[in-house]
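Source file: run18.cif. Holds: mmCIF, C-alpha atoms.
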data_target
#
loop_
_atom_site.label_atom_id
_atom_site.label_comp_id
_atom_site.auth_asym_id
_atom_site.auth_seq_id
_atom_site.Cartn_x
_atom_site.Cartn_y
_atom_site.Cartn_z
CA MET W 16 4.00 -13.64 4.37
CA ALA W 17 2.72 -10.29 5.63
CA MET W 18 0.38 -8.44 3.35
CA THR W 19 -1.50 -5.14 3.72
CA ARG W 20 -4.90 -4.14 2.39
CA THR W 21 -5.44 -2.05 -0.72
CA PHE W 22 -6.33 1.62 -0.64
CA GLY W 23 -9.89 0.86 -1.70
CA ALA W 24 -10.45 -1.62 1.10
CA ILE W 25 -9.00 0.72 3.70
CA ALA W 26 -11.08 3.64 2.46
CA ALA W 27 -14.18 1.50 2.59
CA LEU W 28 -13.34 0.37 6.11
CA GLY W 29 -12.80 3.96 7.18
CA ALA W 30 -16.14 5.00 5.71
CA ALA W 31 -17.94 2.19 7.47
CA SER W 32 -16.36 2.80 10.85
CA ALA W 33 -16.33 6.60 10.95
CA LEU W 34 -18.02 7.97 14.03
CA THR W 35 -18.91 11.35 12.57
CA LEU W 36 -18.11 13.35 9.47
CA THR W 37 -16.75 16.69 10.58
CA ALA W 38 -16.08 19.61 8.28
CA LEU W 39 -12.46 20.71 8.24
CA PRO W 40 -11.51 24.37 8.30
CA ALA W 41 -11.60 26.07 4.92
CA GLN W 42 -8.24 27.70 5.55
CA ALA W 43 -5.09 25.82 6.41
CA ALA W 44 -4.29 25.80 10.12
CA GLY W 45 -0.52 25.98 9.61
CA SER W 46 2.50 25.07 7.52
CA TYR W 47 3.63 21.52 8.25
CA VAL W 48 6.92 20.07 6.96
CA ALA W 49 7.43 16.31 7.32
CA LEU W 50 11.10 15.32 7.33
CA GLY W 51 12.82 11.99 7.67
CA ASP W 52 13.10 8.46 6.40
CA SER W 53 10.89 5.57 5.27
CA TYR W 54 9.03 5.37 8.58
CA SER W 55 7.71 8.86 7.85
CA SER W 56 7.40 8.63 4.06
CA GLY W 57 5.03 5.67 4.22
CA THR W 58 7.09 2.76 2.91
CA GLY W 59 5.03 -0.33 3.71
CA THR W 60 1.65 1.08 2.68
CA ARG W 61 2.00 -0.29 -0.88
CA SER W 62 0.80 2.75 -2.86
CA TYR W 63 2.94 5.82 -3.42
CA LEU W 64 2.90 9.27 -4.95
CA ASN W 65 3.82 9.50 -8.60
CA ASP W 66 6.42 12.17 -7.87
CA GLY W 67 9.30 10.92 -9.99
CA THR W 68 11.31 9.64 -7.03
CA SER W 69 12.05 6.41 -5.16
CA CYS W 70 11.06 8.05 -1.85
CA GLN W 71 7.86 5.98 -1.51
CA ARG W 72 5.71 8.77 -0.13
CA SER W 73 2.16 7.68 0.64
CA VAL W 74 -1.01 9.66 1.26
CA TYR W 75 -1.72 7.06 3.97
CA ALA W 76 1.47 7.82 5.88
CA TYR W 77 0.95 9.63 9.17
CA PRO W 78 2.09 13.09 7.93
CA SER W 79 -0.57 13.06 5.21
CA LEU W 80 -3.25 11.73 7.56
CA ILE W 81 -2.51 14.32 10.23
CA ALA W 82 -2.43 17.14 7.67
CA ALA W 83 -5.80 16.02 6.26
CA SER W 84 -7.31 15.68 9.72
CA LYS W 85 -6.14 19.07 11.00
CA GLY W 86 -6.32 21.20 7.87
CA LEU W 87 -2.56 21.69 7.61
CA THR W 88 -0.64 22.58 4.48
CA LEU W 89 1.87 19.74 4.12
CA ASN W 90 5.28 19.81 2.47
CA PHE W 91 6.06 16.07 2.39
CA ARG W 92 9.86 15.83 2.23
CA ALA W 93 10.40 12.53 4.09
CA CYS W 94 12.09 9.99 1.82
CA SER W 95 12.82 6.29 2.05
CA GLY W 96 16.50 5.63 2.66
CA ALA W 97 17.26 9.01 4.19
CA THR W 98 20.08 9.30 6.71
CA VAL W 99 20.85 12.31 8.90
CA ALA W 100 23.17 13.59 6.16
CA ASP W 101 20.44 13.17 3.54
CA VAL W 102 17.90 15.08 5.62
CA THR W 103 20.44 17.85 6.06
CA SER W 104 21.35 18.12 2.39
CA THR W 105 17.98 17.48 0.72
CA GLN W 106 15.14 18.30 3.11
CA LEU W 107 15.97 21.24 5.36
CA SER W 108 15.51 23.75 2.54
CA ALA W 109 11.75 23.26 2.98
CA LEU W 110 11.90 24.95 6.39
CA SER W 111 11.45 28.65 7.02
CA ALA W 112 10.36 31.13 9.66
CA SER W 113 6.76 30.60 8.51
CA THR W 114 6.89 26.85 9.20
CA THR W 115 4.64 26.15 12.19
CA LYS W 116 5.00 22.36 12.56
CA VAL W 117 7.79 19.86 11.85
CA SER W 118 7.96 16.10 12.34
CA ILE W 119 11.00 13.95 11.74
CA SER W 120 12.10 10.33 12.09
CA VAL W 121 15.71 9.58 11.26
CA GLY W 122 18.61 7.51 12.58
CA GLY W 123 17.68 3.95 11.68
CA ASN W 124 19.50 4.14 8.36
CA ASP W 125 22.57 5.67 9.99
CA ALA W 126 22.71 2.56 12.20
CA GLY W 127 22.33 0.32 9.14
CA PHE W 128 19.11 -1.25 10.37
CA ALA W 129 18.20 -2.78 6.98
CA ASP W 130 21.59 -4.50 6.78
CA VAL W 131 21.25 -5.76 10.35
CA LEU W 132 17.86 -7.27 9.57
CA THR W 133 19.29 -8.83 6.41
CA GLU W 134 22.07 -10.49 8.42
CA CYS W 135 19.82 -11.70 11.22
CA ALA W 136 17.15 -13.10 8.87
CA GLN W 137 19.57 -15.77 7.64
CA PRO W 138 19.87 -19.15 9.34
CA GLY W 139 22.10 -18.93 12.40
CA TRP W 140 24.80 -21.10 10.82
CA ALA W 141 25.13 -18.62 7.93
CA SER W 142 25.04 -15.31 9.79
CA ASP W 143 26.67 -13.18 12.45
CA CYS W 144 23.57 -11.49 13.82
CA ASN W 145 25.17 -10.61 17.15
CA GLY W 146 28.12 -8.99 15.44
CA ALA W 147 25.85 -6.93 13.19
CA ILE W 148 23.81 -5.75 16.18
CA ASP W 149 26.97 -4.92 18.13
CA ASP W 150 28.23 -2.76 15.25
CA ALA W 151 24.89 -0.94 14.98
CA GLN W 152 24.75 -0.33 18.72
CA TYR W 153 28.21 1.19 18.62
CA ILE W 154 27.02 3.70 16.01
CA ILE W 155 23.87 4.48 18.01
CA ASP W 156 25.85 5.00 21.20
CA ASN W 157 28.88 6.84 19.86
CA VAL W 158 28.19 8.38 16.46
CA LEU W 159 24.49 9.10 16.07
CA PRO W 160 24.00 11.47 19.06
CA GLY W 161 26.41 14.02 17.61
CA ARG W 162 24.80 13.80 14.18
CA LEU W 163 21.34 14.29 15.64
CA SER W 164 22.43 17.21 17.80
CA THR W 165 23.80 19.04 14.78
CA LEU W 166 20.71 18.25 12.70
CA TYR W 167 18.29 19.39 15.38
CA SER W 168 20.18 22.65 15.80
CA SER W 169 19.85 23.23 12.05
CA ILE W 170 16.11 22.54 12.18
CA ARG W 171 15.65 25.07 14.96
CA ALA W 172 17.73 27.67 13.14
CA LYS W 173 15.74 27.29 9.93
CA ALA W 174 12.31 26.98 11.57
CA PRO W 175 12.60 29.13 14.72
CA ASN W 176 8.84 29.35 15.26
CA ALA W 177 7.90 25.74 14.64
CA LYS W 178 6.66 23.07 16.99
CA VAL W 179 9.07 20.18 16.36
CA VAL W 180 8.18 16.57 17.11
CA VAL W 181 10.88 13.91 16.81
CA VAL W 182 9.36 10.51 16.09
CA GLY W 183 10.80 7.19 17.24
CA TYR W 184 10.64 3.60 16.01
CA PRO W 185 8.49 0.70 17.24
CA ARG W 186 9.70 -2.72 18.30
CA ILE W 187 9.34 -4.82 15.15
CA PHE W 188 9.17 -8.30 16.66
CA MET W 189 7.01 -10.18 19.17
CA GLY W 190 9.33 -13.12 19.93
CA GLU W 191 8.38 -15.56 17.18
CA ASP W 192 9.05 -15.71 13.45
CA CYS W 193 6.03 -16.85 11.43
CA ASN W 194 7.57 -16.15 8.02
CA ALA W 195 8.59 -19.23 6.09
CA PHE W 196 11.77 -17.83 4.56
CA THR W 197 13.39 -15.93 7.43
CA TRP W 198 15.15 -17.36 10.49
CA PHE W 199 14.93 -14.76 13.26
CA SER W 200 15.40 -16.59 16.56
CA PRO W 201 13.63 -15.42 19.74
CA ALA W 202 16.96 -14.25 21.18
CA GLU W 203 17.74 -12.31 18.01
CA GLU W 204 14.31 -10.69 18.05
CA THR W 205 14.86 -9.65 21.66
CA ARG W 206 18.16 -8.02 20.78
CA LEU W 207 16.70 -6.30 17.71
CA ASN W 208 13.87 -4.87 19.81
CA ALA W 209 16.43 -3.69 22.37
CA MET W 210 18.28 -1.99 19.53
CA ALA W 211 15.11 -0.07 18.66
CA ASP W 212 14.73 0.92 22.31
CA LEU W 213 18.33 2.13 22.40
CA LEU W 214 17.81 4.16 19.24
CA ASN W 215 14.72 5.76 20.78
CA SER W 216 16.57 6.53 24.01
CA LYS W 217 19.47 8.26 22.29
CA THR W 218 17.13 10.12 19.93
CA SER W 219 14.86 11.25 22.75
CA ALA W 220 17.80 12.61 24.73
CA GLN W 221 19.00 14.73 21.81
CA ALA W 222 15.48 15.93 21.05
CA SER W 223 14.88 16.98 24.66
CA GLY W 224 18.19 18.81 24.71
CA LYS W 225 16.95 21.05 21.88
CA GLY W 226 13.51 21.61 23.41
CA PHE W 227 11.78 19.28 20.93
CA THR W 228 9.08 16.77 21.83
CA PHE W 229 9.80 13.07 21.39
CA ALA W 230 6.90 10.88 20.23
CA ASN W 231 7.57 7.25 21.19
CA PRO W 232 5.43 4.69 19.32
CA THR W 233 6.64 1.67 21.31
CA SER W 234 3.68 1.15 23.63
CA ARG W 235 1.07 1.77 20.96
CA PHE W 236 2.53 -0.95 18.72
CA VAL W 237 2.56 -3.60 21.46
CA GLY W 238 0.41 -6.48 20.21
CA HIS W 239 0.78 -5.34 16.61
CA ALA W 240 4.34 -6.37 15.73
CA VAL W 241 5.37 -8.68 12.90
CA CYS W 242 3.42 -11.96 13.25
CA ASP W 243 0.92 -10.44 15.70
CA SER W 244 -2.78 -10.29 14.84
CA PRO W 245 -3.52 -7.74 13.65
CA GLU W 246 -0.03 -6.74 12.63
CA TRP W 247 0.73 -3.09 11.96
CA LEU W 248 4.24 -3.92 10.75
CA ASN W 249 4.86 -5.98 7.63
CA GLY W 250 6.95 -9.10 7.87
CA LEU W 251 8.68 -10.55 4.83
CA SER W 252 6.63 -9.12 1.98
CA ASN W 253 6.29 -9.00 -1.78
CA PRO W 254 7.65 -6.67 -3.04
CA ILE W 255 10.56 -6.96 -0.66
CA THR W 256 10.75 -3.19 -0.11
CA GLU W 257 7.52 -3.37 1.92
CA SER W 258 9.14 -5.63 4.52
CA TYR W 259 9.58 -4.52 8.15
CA HIS W 260 7.76 -1.21 7.76
CA PRO W 261 4.42 0.03 9.11
CA ASN W 262 1.44 -0.83 6.93
CA ILE W 263 -1.62 1.38 6.49
CA ALA W 264 -3.03 0.36 9.86
CA GLY W 265 0.34 1.08 11.45
CA HIS W 266 0.29 4.66 10.22
CA ARG W 267 -3.43 5.22 10.78
CA ASP W 268 -3.82 3.55 14.18
CA GLY W 269 -0.24 3.60 15.45
CA TYR W 270 1.76 6.57 14.26
CA ALA W 271 -0.90 9.20 13.52
CA PRO W 272 -2.38 9.12 17.06
CA THR W 273 1.12 9.06 18.56
CA VAL W 274 2.31 12.13 16.65
CA SER W 275 -0.88 14.19 16.31
CA THR W 276 -1.35 15.27 19.92
CA PRO W 277 2.18 16.59 20.55
CA LEU W 278 2.35 18.13 17.07
CA THR W 279 -1.08 19.76 16.84
CA GLY W 280 -2.36 19.81 20.41
CA SER W 281 -5.32 17.57 19.61
CA ALA W 282 -5.96 13.87 19.14
CA PHE W 283 -6.15 12.21 15.74
CA ARG W 284 -9.40 10.58 14.67
CA SER W 285 -9.60 8.38 11.59
CA THR W 286 -12.83 9.30 9.81
CA ALA W 287 -14.08 8.86 6.28
CA THR W 288 -13.48 12.55 5.73
CA THR W 289 -9.85 12.29 6.80
CA LEU W 290 -9.19 9.32 4.53
CA ARG W 291 -10.95 10.98 1.60
CA LEU W 292 -9.06 14.25 1.96
CA ALA W 293 -5.75 12.42 2.34
CA SER W 294 -6.43 10.46 -0.84
CA GLN W 295 -7.46 13.61 -2.70
CA SER W 296 -4.17 15.29 -1.79
CA ALA W 297 -2.16 12.85 -3.94
CA ASP W 298 -1.94 14.97 -7.08
CA ARG W 299 -1.03 18.15 -5.19
CA LEU W 300 1.65 16.42 -3.14
CA ALA W 301 3.07 14.62 -6.20
CA THR W 302 3.32 17.89 -8.11
CA GLN W 303 4.90 19.60 -5.13
CA GLN W 304 7.53 16.90 -4.55
CA ARG W 305 8.30 16.45 -8.23
CA ARG W 306 10.14 19.77 -8.02
CA TYR W 307 12.63 18.14 -5.69
CA ALA W 308 13.09 14.94 -7.71
CA ALA W 309 16.63 15.72 -8.87
CA THR W 310 17.67 16.43 -5.29
CA ASP W 311 15.93 13.33 -3.92
CA ALA W 312 17.77 11.17 -6.47
CA SER W 313 20.89 11.52 -4.32
CA ILE W 314 19.28 9.40 -1.57
CA THR W 315 20.17 5.73 -1.79
CA PRO W 316 17.35 3.31 -0.87
CA LYS W 317 18.17 1.05 2.07
CA GLU W 318 16.48 -2.29 1.50
CA PHE W 319 16.17 -5.52 3.43
CA ARG W 320 17.36 -8.53 1.41
CA ALA W 321 15.75 -11.91 1.91
CA PRO W 322 17.95 -14.98 2.57
CA ASP W 323 19.11 -16.67 -0.62
CA LEU W 324 19.69 -20.37 -0.01
CA GLY W 325 21.10 -20.75 -3.50
CA SER W 326 23.86 -18.16 -3.24
CA PRO W 327 27.51 -19.26 -3.27
CA GLN W 328 27.99 -17.79 0.21
CA MET W 329 25.05 -19.75 1.60
CA LYS W 330 26.24 -22.96 -0.01
CA ALA W 331 29.71 -22.50 1.46
CA ALA W 332 28.23 -21.80 4.91
CA ALA W 333 26.02 -24.88 4.65
CA LYS W 334 29.01 -27.03 3.78
CA ARG W 335 30.93 -25.76 6.79
CA ALA W 336 27.96 -26.40 9.07
CA GLY W 337 27.13 -29.81 7.60
CA VAL W 338 23.69 -28.63 6.42
CA ASP W 339 21.77 -30.30 3.61
CA LEU W 340 20.22 -27.41 1.69
CA SER W 341 17.76 -29.76 0.01
CA SER W 342 16.25 -30.60 3.40
CA ARG W 343 14.27 -27.99 5.33
CA ALA W 344 14.55 -30.16 8.42
CA SER W 345 18.35 -30.06 8.18
CA ILE W 346 18.35 -26.29 7.66
CA ASP W 347 16.06 -25.66 10.62
CA ALA W 348 17.75 -28.10 13.00
CA ALA W 349 21.14 -26.50 12.39
CA ASP W 350 19.60 -23.05 12.74
CA ARG W 351 18.22 -23.88 16.17
CA MET W 352 21.59 -25.21 17.31
CA TRP W 353 23.56 -22.23 16.05
CA SER W 354 21.00 -19.70 17.27
CA ALA W 355 21.19 -21.21 20.77
CA ARG W 356 24.98 -20.93 20.63
CA GLN W 357 24.80 -17.28 19.54
CA ALA W 358 22.29 -16.51 22.30
CA LYS W 359 24.70 -17.89 24.90
CA GLN W 360 27.52 -15.83 23.44
CA ALA W 361 25.38 -12.70 23.62
CA GLN W 362 24.45 -13.43 27.23
CA ALA W 363 28.08 -13.94 28.17
CA GLN W 364 29.08 -10.70 26.51
CA ALA W 365 26.26 -8.79 28.24
CA ALA W 366 27.39 -10.15 31.60
CA ARG W 367 30.91 -8.78 31.23
#
Let me see the structure of the file written as structure tokens.
Amino acid sequence: MAMTRTFGAIAALGAASALTLTALPAQAAGSYVALGDSYSSGTGTRSYLNDGTSCQRSVYAYPSLIAASKGLTLNFRACSGATVADVTSTQLSALSASTTKVSISVGGNDAGFADVLTECAQPGWASDCNGAIDDAQYIIDNVLPGRLSTLYSSIRAKAPNAKVVVVGYPRIFMGEDCNAFTWFSPAEETRLNAMADLLNSKTSAQASGKGFTFANPTSRFVGHAVCDSPEWLNGLSNPITESYHPNIAGHRDGYAPTVSTPLTGSAFRSTATTLRLASQSADRLATQQRRYAATDASITPKEFRAPDLGSPQMKAAAKRAGVDLSSRASIDAADRMWSARQAKQAQAQAAR
């Protein structure tokens, strides 16, 4: 089960490994608004602002780290569960002509990524992973581009002077499932990674069409997926909301360097000073975002749900498949057989 380190341990590690302690400018270098979903808010880092919301904003998410590193004044509007519609209705009001920098990640929730992961995590004999992926790909191909185009036009209209960086999603899987209570097959992981690539491709195209920069985290996360060592993405976690999101290392070593250069024009360095200033910003950011709590309450969290072998649906599926739920060997043997069958079906469909 994937776990991330505590804030104290990470801060200590940052202090020990800092190359130099550099003084940050006394005056803010610009107005930075962070928009988007859980991959920008910091879900997965395990400690969140006490801002009266379920947005799971973390001072160790990349917007906070970049702001601390570069002396930017951050308005941290990204919120877990946000769709394109949610960003439009709850977050764009933070933008203005004085906004100098904007980052945004959004689209995964529009495609129903949490629900797809929930379906594919079940044993093959109890799920329709390929069908769930097909449905999500249809949305990414045919629905999401129009939504993003409209959203990006609104961002430009509201922040005409801002540098805008659109941030993509990493590949979550590395081809094996090391978690004891999920059943992602290698073929399913390949398709799920391809879905992330497709989402990035469609998002990048819309961003480029508006003159925005696209920051693709894919290459930086190679070797750090779920079940890699070290992993920058949580696998099945406790609490469940932490699952399949970047952990502290993922934001610090993966996302912050990916986004910082296109957003600010300079590379991100993780120093003790950066980590300390990010941590010290918690009260200010919580107070700032608490003003938006009533608005943020309209955003519905999108959560992965772990397989439940005791549910009536699972029991019915096991009966149909001839699976003995009291035997892990029976569960796994049937999963391998059904996953191989689904992989062949997916290959046949791709060849058409």
- Task: Point out the residue among W:Leu213, W:Ser79, W:Glu134, W:Gly139 with the least atom-to-atom distance to Ala349 of chain W, counting only C-alpha atoms.
- Result: W:Gly139
- Determine, counting all atoms listed in the file, every residue of protein, DNA or RNA that lies within 9 Å of (9.2, 17.5, -0.7) in the file coordinates, then give the result as number ranges by chain. W: 48-50, 90-94, 105-106, 109, 300-301, 303-308, 311
- Starting from the displayed file, determine the output of the PyMOL selection byres ((chain W and resi 297) around 10) and express the residue list as a ChimeraX atom specification. /W:63-66,72-75,79,292-296,298-303
- Item | Shell around Glu318 of chain W at 9 Å using all atoms listed in the file, local window under 5 positions removed, as a list in words |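 My list of contacting residues is Gly96, Ala129, Asp130, Thr133, Ile255, Thr256 and Ser258 of chain W.
Take atom CA of Ser342 of chain W and atom CA of Gln357 of chain W: the distance between them is 22.6 Å.
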Please identify all polymer residues within 9 Å of Ala321 of chain W, counting all atoms listed in the file, omitting same-chain residues fewer than 5 positions from it, and present them as a PDB file with C-alpha atoms, in the coordinates of the input.
ATOM      1  CA  THR W 133      19.290  -8.830   6.410  1.00  0.00           C
ATOM      2  CA  ALA W 136      17.150 -13.100   8.870  1.00  0.00           C
ATOM      3  CA  GLN W 137      19.570 -15.770   7.640  1.00  0.00           C
ATOM      4  CA  PHE W 196      11.770 -17.830   4.560  1.00  0.00           C
ATOM      5  CA  THR W 197      13.390 -15.930   7.430  1.00  0.00           C
ATOM      6  CA  LEU W 251       8.680 -10.550   4.830  1.00  0.00           C
ATOM      7  CA  ILE W 255      10.560  -6.960  -0.660  1.00  0.00           C
TER       8      ILE W 255
END
- Ground truth for the PyMOL selection byres ((chain W and resi 233) around 12), written as a PyMOL selection string: chain W and resi 182-188+208-209+211-216+229-232+234-240+265+269-270+273
- Suppose you want the space between atom CA of Gln152 of chain W and atom CA of Ala126 of chain W; what is it in Å?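 Computing the Euclidean distance for atom CA of Gln152 of chain W and atom CA of Ala126 of chain W yields 7.4 Å.
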- Pick out the closest residue to Ala282 of chain W from this set: W:Thr165, W:Ser120, W:Ser252, W:Ser84. Count all atoms listed in the file.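 Closest residue, counting all atoms listed in the file: W:Ser84.
For the point (14.3, -24.2, 11.1), the residues with at least one atom inside 12 Å, counting only C-alpha atoms, are W:Ala136, W:Gln137, W:Pro138, W:Gly139, W:Trp140, W:Asp192, W:Cys193, W:Asn194, W:Ala195, W:Phe196, W:Thr197, W:Trp198, W:Phe199, W:Ser200, W:Val338, W:Leu340, W:Ser342, W:Arg343, W:Ala344, W:Ser345, W:Ile346, W:Asp347, W:Ala348, W:Ala349, W:Asp350, W:Arg351, W:Met352, W:Trp353, W:Ser354.
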Would you mind exporting the chosen residues as a PDB file, in the coordinates of the input, restricted to C-alpha atoms?
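Result saved to selection-v4.pdb:
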ATOM      1  CA  ALA W 136      17.150 -13.100   8.870  1.00  0.00           C
ATOM      2  CA  GLN W 137      19.570 -15.770   7.640  1.00  0.00           C
ATOM      3  CA  PRO W 138      19.870 -19.150   9.340  1.00  0.00           C
ATOM      4  CA  GLY W 139      22.100 -18.930  12.400  1.00  0.00           C
ATOM      5  CA  TRP W 140      24.800 -21.100  10.820  1.00  0.00           C
ATOM      6  CA  ASP W 192       9.050 -15.710  13.450  1.00  0.00           C
ATOM      7  CA  CYS W 193       6.030 -16.850  11.430  1.00  0.00           C
ATOM      8  CA  ASN W 194       7.570 -16.150   8.020  1.00  0.00           C
ATOM      9  CA  ALA W 195       8.590 -19.230   6.090  1.00  0.00           C
ATOM     10  CA  PHE W 196      11.770 -17.830   4.560  1.00  0.00           C
ATOM     11  CA  THR W 197      13.390 -15.930   7.430  1.00  0.00           C
ATOM     12  CA  TRP W 198      15.150 -17.360  10.490  1.00  0.00           C
ATOM     13  CA  PHE W 199      14.930 -14.760  13.260  1.00  0.00           C
ATOM     14  CA  SER W 200      15.400 -16.590  16.560  1.00  0.00           C
ATOM     15  CA  VAL W 338      23.690 -28.630   6.420  1.00  0.00           C
ATOM     16  CA  LEU W 340      20.220 -27.410   1.690  1.00  0.00           C
ATOM     17  CA  SER W 342      16.250 -30.600   3.400  1.00  0.00           C
ATOM     18  CA  ARG W 343      14.270 -27.990   5.330  1.00  0.00           C
ATOM     19  CA  ALA W 344      14.550 -30.160   8.420  1.00  0.00           C
ATOM     20  CA  SER W 345      18.350 -30.060   8.180  1.00  0.00           C
ATOM     21  CA  ILE W 346      18.350 -26.290   7.660  1.00  0.00           C
ATOM     22  CA  ASP W 347      16.060 -25.660  10.620  1.00  0.00           C
ATOM     23  CA  ALA W 348      17.750 -28.100  13.000  1.00  0.00           C
ATOM     24  CA  ALA W 349      21.140 -26.500  12.390  1.00  0.00           C
ATOM     25  CA  ASP W 350      19.600 -23.050  12.740  1.00  0.00           C
ATOM     26  CA  ARG W 351      18.220 -23.880  16.170  1.00  0.00           C
ATOM     27  CA  MET W 352      21.590 -25.210  17.310  1.00  0.00           C
ATOM     28  CA  TRP W 353      23.560 -22.230  16.050  1.00  0.00           C
ATOM     29  CA  SER W 354      21.000 -19.700  17.270  1.00  0.00           C
TER      30      SER W 354
END
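Of the listed residues W:Gly190, W:Gly280, W:Gly250, W:Pro316, the one whose atoms come nearest to Gln71 of chain W is W:Pro316, with distances taken using only C-alpha atoms.
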- May I ask for the distance between atom CA of Cys144 of chain W and atom CA of Arg335 of chain W, given in Å to one decimal place?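 Separation between atom CA of Cys144 of chain W and atom CA of Arg335 of chain W: 17.5 Å.
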- Message: Set the distance at 6 Å and use only C-alpha atoms: which residues neighbour Leu248 of chain W once local chain neighbours fewer than 2 positions away are removed? I'd like the list as an MDAnalysis selection string.
- Response: chainID W and resid 240:241 246 259:262
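If you measure from each of W:Pro175, W:Pro245, W:Pro201, W:Gly127 to Gly226 of chain W using all atoms listed in the file, the closest one turns out to be W:Pro175.
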Expected axis-aligned box over every listed atom of segment 147-154 of chain W, 8 Å added per side, centre plus edges in Å to one decimal, as JSON:
{"center_x": 26.0, "center_y": -1.6, "center_z": 16.0, "size_x": 20.4, "size_y": 26.6, "size_z": 21.5}
- Task: Using only C-alpha atoms, find the one residue out of W:Gln360, W:His266, W:Val117, W:Gly51 that sits nearest to Asn145 of chain W.
- Result: W:Gln360
- Message: Calculated over all atoms listed in the file, which of the candidates W:Asp150, W:Lys317, W:Ser281, W:Trp247 has the smallest distance to Asp268 of chain W?
- Response: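 The shortest atom-to-atom distance to Asp268 of chain W comes from W:Trp247.
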- Within 12 Å of Thr315 of chain W, counting only C-alpha atoms, which residues show up once you throw out same-chain ones fewer than 6 positions away? Write them as a ChimeraX atom specification, please. /W:52-53,68-70,94-98,100-101,124
- Written as a PyMOL selection string, what is the full residue list that the PyMOL selection byres ((chain W and resi 180) around 8) yields on the file shown? chain W and resi 117-119+178-179+181-182+227-230+274+277-278
Name the residues in contact with Ala172 of chain W at a cut-off of 12 Å, using all atoms listed in the file, excluding same-chain residues fewer than 2 positions from it; report them as a PDB file with C-alpha atoms, in the frame of the given file.
ATOM      1  CA  LEU W 107      15.970  21.240   5.360  1.00  0.00           C
ATOM      2  CA  SER W 108      15.510  23.750   2.540  1.00  0.00           C
ATOM      3  CA  LEU W 110      11.900  24.950   6.390  1.00  0.00           C
ATOM      4  CA  SER W 111      11.450  28.650   7.020  1.00  0.00           C
ATOM      5  CA  ALA W 112      10.360  31.130   9.660  1.00  0.00           C
ATOM      6  CA  THR W 114       6.890  26.850   9.200  1.00  0.00           C
ATOM      7  CA  THR W 165      23.800  19.040  14.780  1.00  0.00           C
ATOM      8  CA  LEU W 166      20.710  18.250  12.700  1.00  0.00           C
ATOM      9  CA  TYR W 167      18.290  19.390  15.380  1.00  0.00           C
ATOM     10  CA  SER W 168      20.180  22.650  15.800  1.00  0.00           C
ATOM     11  CA  SER W 169      19.850  23.230  12.050  1.00  0.00           C
ATOM     12  CA  ILE W 170      16.110  22.540  12.180  1.00  0.00           C
ATOM     13  CA  ALA W 174      12.310  26.980  11.570  1.00  0.00           C
ATOM     14  CA  PRO W 175      12.600  29.130  14.720  1.00  0.00           C
ATOM     15  CA  ASN W 176       8.840  29.350  15.260  1.00  0.00           C
ATOM     16  CA  ALA W 177       7.900  25.740  14.640  1.00  0.00           C
ATOM     17  CA  VAL W 179       9.070  20.180  16.360  1.00  0.00           C
ATOM     18  CA  LYS W 225      16.950  21.050  21.880  1.00  0.00           C
TER      19      LYS W 225
END
